[in-house]
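One file, query.tsv, is given below (TSV, C-alpha atoms and all ligand atoms).
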chain	number	residue	atom	x	y	z
A	1485	MET	CA	0.00	0.00	0.00
A	1486	SER	CA	1.45	3.33	-1.05
A	1487	PHE	CA	0.72	6.61	0.74
A	1488	ASP	CA	2.51	8.59	-1.94
A	1489	GLY	CA	2.23	12.34	-1.34
A	1490	GLN	CA	-0.15	11.94	1.61
A	1491	VAL	CA	0.39	14.11	4.69
A	1492	ALA	CA	0.67	12.26	8.00
A	1493	ILE	CA	1.03	13.22	11.66
A	1494	VAL	CA	2.59	10.61	13.97
A	1495	THR	CA	2.70	11.45	17.67
A	1496	GLY	CA	5.54	10.20	19.85
A	1497	GLY	CA	7.63	9.40	16.77
A	1498	ALA	CA	10.96	10.20	18.42
A	1499	GLY	CA	11.41	6.56	19.48
A	1500	GLY	CA	9.72	3.25	20.23
A	1501	PHE	CA	6.64	2.22	18.26
A	1502	GLY	CA	6.17	5.76	16.92
A	1503	GLU	CA	9.56	5.82	15.23
A	1504	ALA	CA	8.79	2.53	13.44
A	1505	ILE	CA	5.38	3.90	12.36
A	1506	ALA	CA	6.91	7.16	11.07
A	1507	GLU	CA	9.54	5.18	9.16
A	1508	GLU	CA	6.98	2.85	7.56
A	1509	LEU	CA	4.77	5.76	6.45
A	1510	TYR	CA	7.79	7.60	5.05
A	1511	ASN	CA	8.93	4.43	3.22
A	1512	ARG	CA	5.47	4.24	1.66
A	1513	GLY	CA	5.67	7.78	0.29
A	1514	ALA	CA	4.05	9.99	2.95
A	1515	PHE	CA	5.22	13.35	4.27
A	1516	VAL	CA	5.45	12.77	8.02
A	1517	TYR	CA	5.18	15.33	10.82
A	1518	ILE	CA	6.49	13.93	14.12
A	1519	PHE	CA	4.71	15.56	17.07
A	1520	ASP	CA	6.87	14.95	20.15
A	1521	TYR	CA	8.25	16.92	23.06
A	1522	ASN	CA	11.61	15.23	22.53
A	1523	LEU	CA	12.93	17.52	19.79
A	1524	ASP	CA	16.41	15.92	19.69
A	1525	GLY	CA	14.93	12.45	19.23
A	1526	ALA	CA	12.42	13.59	16.59
A	1527	THR	CA	15.13	15.52	14.72
A	1528	LYS	CA	17.41	12.46	14.70
A	1529	VAL	CA	14.60	10.36	13.18
A	1530	ALA	CA	13.90	13.06	10.55
A	1531	GLN	CA	17.60	13.32	9.65
A	1532	ARG	CA	18.00	9.54	9.44
A	1533	LEU	CA	14.98	9.20	7.13
A	1534	ASN	CA	14.79	12.36	5.01
A	1535	PRO	CA	14.68	15.90	6.46
A	1536	GLY	CA	12.89	17.06	3.28
A	1537	LYS	CA	9.92	14.77	3.95
A	1538	VAL	CA	9.96	14.07	7.70
A	1539	PHE	CA	9.51	17.07	10.01
A	1540	PRO	CA	10.00	17.22	13.79
A	1541	VAL	CA	7.47	19.38	15.65
A	1542	GLN	CA	8.24	20.01	19.31
A	1543	MET	CA	5.10	20.26	21.40
A	1544	ASP	CA	3.41	18.89	24.51
A	1545	LEU	CA	0.47	16.68	23.60
A	1546	SER	CA	-1.10	17.16	27.01
A	1547	LYS	CA	-1.70	20.88	26.29
A	1548	VAL	CA	-4.69	21.67	24.09
A	1549	GLU	CA	-3.41	25.06	22.89
A	1550	GLU	CA	-0.11	23.49	21.77
A	1551	ILE	CA	-2.02	20.80	19.89
A	1552	GLU	CA	-4.16	23.35	18.05
A	1553	LYS	CA	-1.13	25.47	17.16
A	1554	ALA	CA	0.78	22.45	15.79
A	1555	VAL	CA	-2.19	21.30	13.68
A	1556	ASN	CA	-2.58	24.82	12.24
A	1557	MET	CA	1.13	24.87	11.42
A	1558	VAL	CA	0.83	21.59	9.47
A	1559	ILE	CA	-2.19	22.85	7.54
A	1560	GLY	CA	-0.40	26.15	6.83
A	1561	LYS	CA	2.63	24.27	5.47
A	1562	SER	CA	1.06	21.25	3.74
A	1563	ASN	CA	-2.54	22.39	3.19
A	1564	ARG	CA	-4.12	19.13	4.34
A	1565	ILE	CA	-3.80	16.15	6.67
A	1566	ASP	CA	-4.61	12.68	5.31
A	1567	ILE	CA	-3.34	10.48	8.12
A	1568	LEU	CA	-3.17	10.78	11.91
A	1569	VAL	CA	-1.54	8.18	14.16
A	1570	ASN	CA	-2.11	8.90	17.85
A	1571	ASN	CA	0.77	6.86	19.22
A	1572	ALA	CA	2.28	8.87	22.10
A	1573	GLY	CA	1.36	7.51	25.49
A	1574	THR	CA	2.75	7.00	28.93
A	1575	SER	CA	2.18	4.76	31.95
A	1576	ALA	CA	3.06	4.29	35.61
A	1577	GLY	CA	2.94	0.79	37.05
A	1578	LYS	CA	1.79	0.87	40.65
A	1579	PRO	CA	-0.88	-0.64	42.88
A	1580	ALA	CA	-4.18	1.25	42.84
A	1581	VAL	CA	-3.79	2.26	46.50
A	1582	ASP	CA	-0.55	4.13	45.68
A	1583	VAL	CA	-1.87	6.11	42.69
A	1584	THR	CA	-1.53	9.88	43.12
A	1585	GLU	CA	-3.44	12.73	41.52
A	1586	ASP	CA	-0.25	13.55	39.59
A	1587	ASP	CA	-0.09	9.99	38.17
A	1588	TRP	CA	-3.72	10.26	37.12
A	1589	ASP	CA	-3.33	13.69	35.49
A	1590	LYS	CA	-0.09	12.89	33.68
A	1591	ILE	CA	-1.42	9.70	32.11
A	1592	MET	CA	-4.95	10.90	31.40
A	1593	ASN	CA	-3.81	14.27	30.01
A	1594	LEU	CA	-1.53	12.64	27.45
A	1595	ASN	CA	-3.28	9.35	26.66
A	1596	VAL	CA	-6.89	10.55	26.69
A	1597	LYS	CA	-7.11	14.35	26.52
A	1598	GLY	CA	-4.22	14.64	24.04
A	1599	THR	CA	-5.58	11.85	21.84
A	1600	PHE	CA	-9.08	13.31	21.84
A	1601	PHE	CA	-8.19	16.94	21.14
A	1602	LEU	CA	-5.63	16.17	18.44
A	1603	THR	CA	-8.21	13.90	16.81
A	1604	LYS	CA	-10.84	16.63	17.13
A	1605	PHE	CA	-8.73	19.31	15.38
A	1606	VAL	CA	-7.44	16.95	12.67
A	1607	GLY	CA	-10.85	15.28	12.24
A	1608	LYS	CA	-12.53	18.63	11.59
A	1609	GLN	CA	-10.03	19.35	8.84
A	1610	MET	CA	-10.49	15.81	7.39
A	1611	ILE	CA	-14.27	16.26	7.37
A	1612	ASP	CA	-13.87	19.57	5.51
A	1613	ASN	CA	-11.55	17.82	3.01
A	1614	GLY	CA	-13.90	14.90	2.33
A	1615	GLY	CA	-12.11	12.19	4.34
A	1616	GLY	CA	-9.11	10.87	6.20
A	1617	LYS	CA	-7.68	8.01	8.24
A	1618	ILE	CA	-6.87	7.84	11.93
A	1619	VAL	CA	-5.26	5.04	13.93
A	1620	ASN	CA	-5.00	5.19	17.71
A	1621	VAL	CA	-2.43	3.13	19.57
A	1622	ALA	CA	-4.40	1.69	22.48
A	1623	SER	CA	-3.13	-1.40	24.31
A	1624	VAL	CA	-4.17	-4.92	25.14
A	1625	ASN	CA	-4.80	-3.34	28.55
A	1626	ALA	CA	-7.91	-1.79	27.00
A	1627	LEU	CA	-9.24	-5.35	26.61
A	1628	VAL	CA	-7.99	-7.36	29.60
A	1629	ALA	CA	-7.01	-6.60	33.18
A	1630	GLU	CA	-3.46	-6.54	34.53
A	1631	ASN	CA	-2.44	-5.76	38.10
A	1632	ASN	CA	-0.81	-2.40	38.90
A	1633	THR	CA	-1.99	-0.70	35.71
A	1634	VAL	CA	-5.29	0.86	36.77
A	1635	VAL	CA	-4.69	4.38	35.43
A	1636	TYR	CA	-2.96	3.24	32.23
A	1637	SER	CA	-5.59	0.58	31.50
A	1638	THR	CA	-8.42	3.04	32.20
A	1639	SER	CA	-6.81	5.50	29.79
A	1640	LYS	CA	-6.46	2.88	27.07
A	1641	GLY	CA	-10.08	1.80	27.61
A	1642	ALA	CA	-10.98	5.42	26.94
A	1643	VAL	CA	-8.85	5.42	23.77
A	1644	ALA	CA	-10.79	2.35	22.58
A	1645	SER	CA	-14.07	4.16	23.31
A	1646	ILE	CA	-12.95	7.33	21.50
A	1647	THR	CA	-12.06	5.12	18.52
A	1648	LYS	CA	-15.51	3.54	18.33
A	1649	LEU	CA	-17.45	6.72	19.06
A	1650	LEU	CA	-15.67	8.84	16.46
A	1651	ALA	CA	-15.70	6.02	13.89
A	1652	ARG	CA	-19.48	6.00	14.18
A	1653	GLU	CA	-19.90	9.78	14.22
A	1654	TRP	CA	-17.54	10.42	11.28
A	1655	ALA	CA	-18.21	7.38	9.03
A	1656	ARG	CA	-20.61	9.46	6.91
A	1657	TYR	CA	-17.80	11.95	6.20
A	1658	GLY	CA	-15.30	9.33	4.99
A	1659	VAL	CA	-13.15	9.69	8.10
A	1660	ARG	CA	-12.11	6.25	9.39
A	1661	VAL	CA	-10.98	5.76	12.99
A	1662	ASN	CA	-9.39	2.47	14.10
A	1663	ALA	CA	-7.08	1.36	16.89
A	1664	ILE	CA	-4.50	-1.28	17.61
A	1665	ALA	CA	-4.16	-3.00	20.96
A	1666	PRO	CA	-0.59	-4.31	21.29
A	1667	CYS	CA	0.77	-6.51	24.06
A	1668	TYR	CA	4.20	-5.70	25.51
A	1669	GLY	CA	6.95	-4.69	23.11
A	1670	ARG	CA	10.51	-3.61	23.78
A	1671	THR	CA	10.73	0.22	23.67
A	1672	PRO	CA	12.18	3.00	25.86
A	1673	LEU	CA	8.85	2.97	27.76
A	1674	THR	CA	9.18	-0.68	28.81
A	1675	GLU	CA	12.97	-1.17	28.82
A	1676	VAL	CA	13.12	-0.83	32.59
A	1677	LEU	CA	10.82	-3.89	32.96
A	1678	PHE	CA	13.00	-5.99	30.71
A	1679	GLN	CA	16.09	-5.34	32.83
A	1680	ASP	CA	14.55	-7.63	35.45
A	1681	GLU	CA	14.59	-11.28	34.32
A	1682	LYS	CA	11.76	-12.26	36.69
A	1683	ILE	CA	9.46	-9.53	35.36
A	1684	TYR	CA	10.44	-10.34	31.75
A	1685	ASN	CA	9.68	-14.05	32.22
A	1686	GLY	CA	6.36	-13.20	33.89
A	1687	ILE	CA	5.37	-11.01	30.94
A	1688	ILE	CA	6.31	-13.67	28.38
A	1689	LYS	CA	4.41	-16.34	30.35
A	1690	GLY	CA	1.27	-14.20	30.18
A	1691	ILE	CA	1.36	-14.12	26.36
A	1692	PRO	CA	0.22	-17.43	24.82
A	1693	ALA	CA	2.51	-16.86	21.79
A	1694	ARG	CA	5.40	-16.58	24.29
A	1695	ARG	CA	6.89	-13.52	22.62
A	1696	LEU	CA	6.63	-9.72	22.50
A	1697	VAL	CA	5.17	-7.69	19.64
A	1698	THR	CA	7.85	-5.94	17.56
A	1699	PRO	CA	7.78	-2.25	16.53
A	1700	GLU	CA	7.82	-3.46	12.89
A	1701	GLU	CA	4.62	-5.48	13.47
A	1702	VAL	CA	3.00	-2.45	15.09
A	1703	ALA	CA	3.94	-0.30	12.07
A	1704	GLU	CA	2.67	-2.94	9.63
A	1705	ALA	CA	-0.69	-3.18	11.44
A	1706	VAL	CA	-1.06	0.61	11.42
A	1707	THR	CA	-0.47	0.78	7.65
A	1708	PHE	CA	-2.95	-2.08	7.12
A	1709	LEU	CA	-5.66	-0.10	8.95
A	1710	LEU	CA	-4.71	3.10	7.10
A	1711	SER	CA	-4.84	1.38	3.71
A	1712	ASP	CA	-7.20	2.97	1.19
A	1713	LYS	CA	-8.10	-0.60	0.16
A	1714	MET	CA	-9.71	-1.11	3.61
A	1715	LYS	CA	-12.32	1.64	3.41
A	1716	ILE	CA	-15.02	-0.52	5.02
A	1717	VAL	CA	-12.92	-0.99	8.17
A	1718	THR	CA	-13.66	1.59	10.84
A	1719	GLY	CA	-14.28	1.41	14.59
A	1720	VAL	CA	-12.05	-1.64	15.01
A	1721	VAL	CA	-9.74	-2.18	18.01
A	1722	MET	CA	-7.32	-4.77	16.63
A	1723	PRO	CA	-5.34	-6.87	19.15
A	1724	LEU	CA	-1.65	-7.44	18.35
A	1725	ASP	CA	-1.10	-9.66	21.32
A	1726	GLY	CA	-0.23	-13.30	20.56
A	1727	ALA	CA	-3.67	-14.27	21.97
A	1728	ARG	CA	-3.13	-12.48	25.31
A	1729	SER	CA	-6.69	-11.09	25.18
A	1730	THR	CA	-8.46	-14.29	24.08
A	1801	LIG	N1	5.81	-0.59	24.61
A	1801	LIG	C1	4.80	-1.37	24.95
A	1801	LIG	O1	4.97	-2.47	25.48
A	1801	LIG	C2	3.39	-0.95	24.63
A	1801	LIG	C3	2.37	-1.91	24.67
A	1801	LIG	C4	1.07	-1.53	24.34
A	1801	LIG	C5	0.81	-0.22	23.98
A	1801	LIG	N2	1.82	0.68	23.98
A	1801	LIG	C6	1.49	2.04	23.59
A	1801	LIG	O2	2.22	2.36	22.42
A	1801	LIG	C7	2.47	3.76	22.39
A	1801	LIG	C8	3.95	4.00	22.17
A	1801	LIG	O3	4.63	3.39	23.24
A	1801	LIG	P1	6.21	3.25	23.30
A	1801	LIG	O4	6.46	2.06	24.13
A	1801	LIG	O5	6.81	3.36	21.94
A	1801	LIG	O6	6.54	4.56	24.18
A	1801	LIG	P2	7.88	5.41	24.32
A	1801	LIG	O7	7.88	5.98	25.69
A	1801	LIG	O8	9.04	4.58	23.90
A	1801	LIG	O9	7.64	6.59	23.27
A	1801	LIG	C9	6.66	7.56	23.52
A	1801	LIG	C10	7.01	8.83	22.76
A	1801	LIG	O10	6.03	9.83	23.13
A	1801	LIG	C11	6.70	11.05	23.45
A	1801	LIG	N3	5.90	11.77	24.44
A	1801	LIG	C12	5.63	11.36	25.70
A	1801	LIG	N4	4.87	12.29	26.33
A	1801	LIG	C13	4.66	13.30	25.44
A	1801	LIG	C14	3.95	14.54	25.48
A	1801	LIG	N5	3.29	14.94	26.60
A	1801	LIG	N6	3.95	15.33	24.39
A	1801	LIG	C15	4.61	14.96	23.28
A	1801	LIG	N7	5.29	13.78	23.17
A	1801	LIG	C16	5.31	12.97	24.23
A	1801	LIG	C17	8.05	10.62	24.00
A	1801	LIG	O11	9.01	11.66	23.90
A	1801	LIG	C18	8.38	9.41	23.12
A	1801	LIG	O12	9.06	9.78	21.93
A	1801	LIG	C19	1.94	4.33	23.71
A	1801	LIG	O13	0.65	4.85	23.52
A	1801	LIG	C20	1.88	3.10	24.60
A	1801	LIG	O14	0.92	3.22	25.62
A	1801	LIG	C21	3.10	0.36	24.27

Target encoding structure tokens, full file:
Amino acid sequence: MSFDGQVAIVTGGAGGFGEAIAEELYNRGAFVYIFDYNLDGATKVAQRLNPGKVFPVQMDLSKVEEIEKAVNMVIGKSNRIDILVNNAGTSAGKPAVDVTEDDWDKIMNLNVKGTFFLTKFVGKQMIDNGGGKIVNVASVNALVAENNTVVYSTSKGAVASITKLLAREWARYGVRVNAIAPCYGRTPLTEVLFQDEKIYNGIIKGIPARRLVTPEEVAEAVTFLLSDKMKIVTGVVMPLDGARST
């Protein structure tokens, strides 16, 4: 599937899953704006791929005014947005009784508020343009329970709900909204878990396929859902989890 000449925004593309997604979209012909607060990381990705087609945009996705400004900048520069991948997200593993208001706000502001408002601003522009494609990176934690993840899992449940609600509301405008729900993968977010052999083995044991998802598989799934050959597919939350959620 080619995305030749299409304009894409990928959030959190400075590393991890987002970098693999940005790379795959660039390889398939898209212009890619990386929205990330890590400017150094996003710039390195842009320079590695092609600074003429991949653009770092430093901003904080938990701040609505920064989101609106960044979207307006993309429209001012490229005139349109065809693809949005809401990938940036964060977590804090701790028992429910230890969760603080700060934990709640940090995770919810990025994972839920940021995802919703970026989707709102981009979706409005896609509706005006006659269509577009959005993929949200949720998590298998949106589908099944895991101890010590109450805020993260709640946020990803909300991302799954946003996906279904907006898919339904915007289907008539040709704007498709889907999500992926990956199990654990090895990224800067999770690296600390994988330093501990006991935790690593516990994670692998919980996945029937006995392996992690790779960033390349995440990127491939995102492009599948973005494909213009899959126009009937909208409102789907697709597990990438080696049967963890079955
Ligand atoms: N890694 C996993 O095991 C796993 C599993 C399931 C789902 N996910 C989800 O996949 C997505 C990507 O995860 P990852 O593991 O690649 O994460 P990561 O921490 O490696 O990368 C996240 C990126 O988002 C950026 N970012 C964080 N907060 C930001 C903010 N407020 N404003 C702008 N940018 C911000 C970071 O700078 C970073 O580049 C997340 O939504 C995560 O919840 C990850």

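Of the residues under consideration (A:Glu1585, A:Glu1704, A:Glu1549, A:Glu1675), A:Glu1675 shows the shortest atom-to-atom contact distance to ligand LIG 1801 (chain A) when counting only C-alpha atoms and all ligand atoms.
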
Query - Which of A:Val1491, A:Val1634, A:Ser1645, A:Asn1595 sits closest to Lys1561 of chain A [using only C-alpha atoms] - result: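 Ranking A:Val1491, A:Val1634, A:Ser1645, A:Asn1595 by distance to Lys1561 of chain A, first place goes to A:Val1491.
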
**Report entry** Given 6 Å and all atoms listed in the file, residues near ligand LIG 1801 (chain A) as a ChimeraX atom specification
**Finding:** /A:1496-1502,1520-1522,1543-1546,1571-1574,1594,1621-1623,1666-1674

Query raised in the report: Do you have the atom CA of Tyr1517 of chain A-atom CA of Asp1586 of chain A distance handy?
Result: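 Those two atoms sit 29.3 Å apart.
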
Query - Long-range neighbours of Ser1562 of chain A as an MDAnalysis selection string, 10 Å cut-off, all atoms listed in the file, 2 positions minimum in chain - result: chainID A and resid 1490:1492 1515 1556:1560 1564:1565

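One distance worth recording is that between atom CA of Asp1589 of chain A and atom CA of Ser1575 of chain A, which is 11.1 Å.
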
Enumerate, in order of chain and increasing residue number, the residues of segment 1557-1601 of chain A with an atom no farther than 12 Å from segment 1647-1655 of chain A, each with its shortest atom pair and distance in Å to one decimal, counting all atoms listed in the file, as a Markdown table.
| residue | atom | partner | partner_atom | distance |
| --- | --- | --- | --- | --- |
| A:Val1569 | CA | A:Thr1647 | CA | 11.8 |
| A:Asn1570 | CA | A:Thr1647 | CA | 10.7 |
| A:Val1596 | CA | A:Thr1647 | CA | 11.1 |
| A:Thr1599 | CA | A:Thr1647 | CA | 9.9 |
| A:Phe1600 | CA | A:Thr1647 | CA | 9.3 |
| A:Phe1601 | CA | A:Leu1650 | CA | 12.0 |

Query - From A:Lys1640, A:Lys1553, A:Lys1537, A:Lys1713, residue lying nearest Asn1625 of chain A [all atoms listed in the file] - result: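 Of the candidates, the smallest distance to Asn1625 of chain A is held by A:Lys1640.
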
Query - Exercise: Ile1716 of chain A partners within 12 Å, only C-alpha atoms, chain neighbours under 4 positions left out, as a list of chain:residue names - result: A:Lys1617, A:Ala1651, A:Ala1655, A:Arg1656, A:Gly1658, A:Val1659, A:Arg1660, A:Val1661, A:Asn1662, A:Leu1709, A:Leu1710, A:Ser1711, A:Asp1712, A:Val1720

Restricting it to C-alpha atoms, dump the selection as a CSV table (one decimal), in the coordinates of the input.
chain,number,residue,atom,x,y,z
A,1617,LYS,CA,-7.7,8.0,8.2
A,1651,ALA,CA,-15.7,6.0,13.9
A,1655,ALA,CA,-18.2,7.4,9.0
A,1656,ARG,CA,-20.6,9.5,6.9
A,1658,GLY,CA,-15.3,9.3,5.0
A,1659,VAL,CA,-13.2,9.7,8.1
A,1660,ARG,CA,-12.1,6.2,9.4
A,1661,VAL,CA,-11.0,5.8,13.0
A,1662,ASN,CA,-9.4,2.5,14.1
A,1709,LEU,CA,-5.7,-0.1,9.0
A,1710,LEU,CA,-4.7,3.1,7.1
A,1711,SER,CA,-4.8,1.4,3.7
A,1712,ASP,CA,-7.2,3.0,1.2
A,1720,VAL,CA,-12.0,-1.6,15.0

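Take atom CA of Lys1547 of chain A and atom CA of Asn1593 of chain A: the distance between them is 7.9 Å.
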
Query raised in the report: Restricting the calculation to only C-alpha atoms, which member of A:Val1548, A:Leu1602, A:Val1635, A:Ala1626 is positioned closest to Lys1590 of chain A?
Result: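 Looking at the shortest contact to Lys1590 of chain A, the residue is A:Val1635.
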
Query raised in the report: Counting all atoms listed in the file, which of A:Ser1486, A:Gln1679, A:Ser1639, A:Thr1707 gets nearest to Ala1506 of chain A?
Result: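 For Ala1506 of chain A, the nearest of the given residues is A:Thr1707.
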
Name all residues at most 12 Å from Gly1686 of chain A (count only C-alpha atoms; drop same-chain ones fewer than 4 positions away) and give them as a PDB file with C-alpha atoms, keeping the file's coordinate frame.
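Contents of part32.pdb, freshly written:
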ATOM      1  CA  GLU A1630      -3.460  -6.540  34.530  1.00  0.00           C
ATOM      2  CA  TYR A1668       4.200  -5.700  25.510  1.00  0.00           C
ATOM      3  CA  LEU A1677      10.820  -3.890  32.960  1.00  0.00           C
ATOM      4  CA  PHE A1678      13.000  -5.990  30.710  1.00  0.00           C
ATOM      5  CA  ASP A1680      14.550  -7.630  35.450  1.00  0.00           C
ATOM      6  CA  GLU A1681      14.590 -11.280  34.320  1.00  0.00           C
ATOM      7  CA  LYS A1682      11.760 -12.260  36.690  1.00  0.00           C
ATOM      8  CA  GLY A1690       1.270 -14.200  30.180  1.00  0.00           C
ATOM      9  CA  ILE A1691       1.360 -14.120  26.360  1.00  0.00           C
ATOM     10  CA  PRO A1692       0.220 -17.430  24.820  1.00  0.00           C
ATOM     11  CA  ARG A1694       5.400 -16.580  24.290  1.00  0.00           C
ATOM     12  CA  ARG A1695       6.890 -13.520  22.620  1.00  0.00           C
ATOM     13  CA  LEU A1696       6.630  -9.720  22.500  1.00  0.00           C
TER      14      LEU A1696
END

**Report entry** Residue nearest Met1714 of chain A among A:Ile1683, A:Met1485, A:Ala1526, A:Ile1611 (counting all atoms listed in the file)
**Finding:** A:Met1485

Query raised in the report: Could you pull the residues within 8 Å of Leu1627 of chain A, counting all atoms listed in the file, minus those fewer than 3 positions along the same chain, as an NGL selection string?
Result: :A and (1623-1624 or 1641 or 1665 or 1729)

Can you tell me, as lines of an AutoDock Vina configuration file, the centre and edge lengths (Å, one decimal) of the axis-aligned box enclosing all of segment 1636-1655 of chain A's listed atoms after padding each side by 4 Å?
center_x = -11.4
center_y = 5.5
center_z = 20.6
size_x = 24.9
size_y = 17.8
size_z = 31.2

Query - Asp1582 of chain A surroundings by only C-alpha atoms, 12 Å radius, close-in-sequence under 4 positions cut, as a ChimeraX atom specification - result: /A:1576-1578,1586-1588,1632-1635

Just C-alpha atoms for this one: save the residues we selected as a tab-separated table (two decimals), in the frame of the given file.
chain	number	residue	atom	x	y	z
A	1576	ALA	CA	3.06	4.29	35.61
A	1577	GLY	CA	2.94	0.79	37.05
A	1578	LYS	CA	1.79	0.87	40.65
A	1586	ASP	CA	-0.25	13.55	39.59
A	1587	ASP	CA	-0.09	9.99	38.17
A	1588	TRP	CA	-3.72	10.26	37.12
A	1632	ASN	CA	-0.81	-2.40	38.90
A	1633	THR	CA	-1.99	-0.70	35.71
A	1634	VAL	CA	-5.29	0.86	36.77
A	1635	VAL	CA	-4.69	4.38	35.43
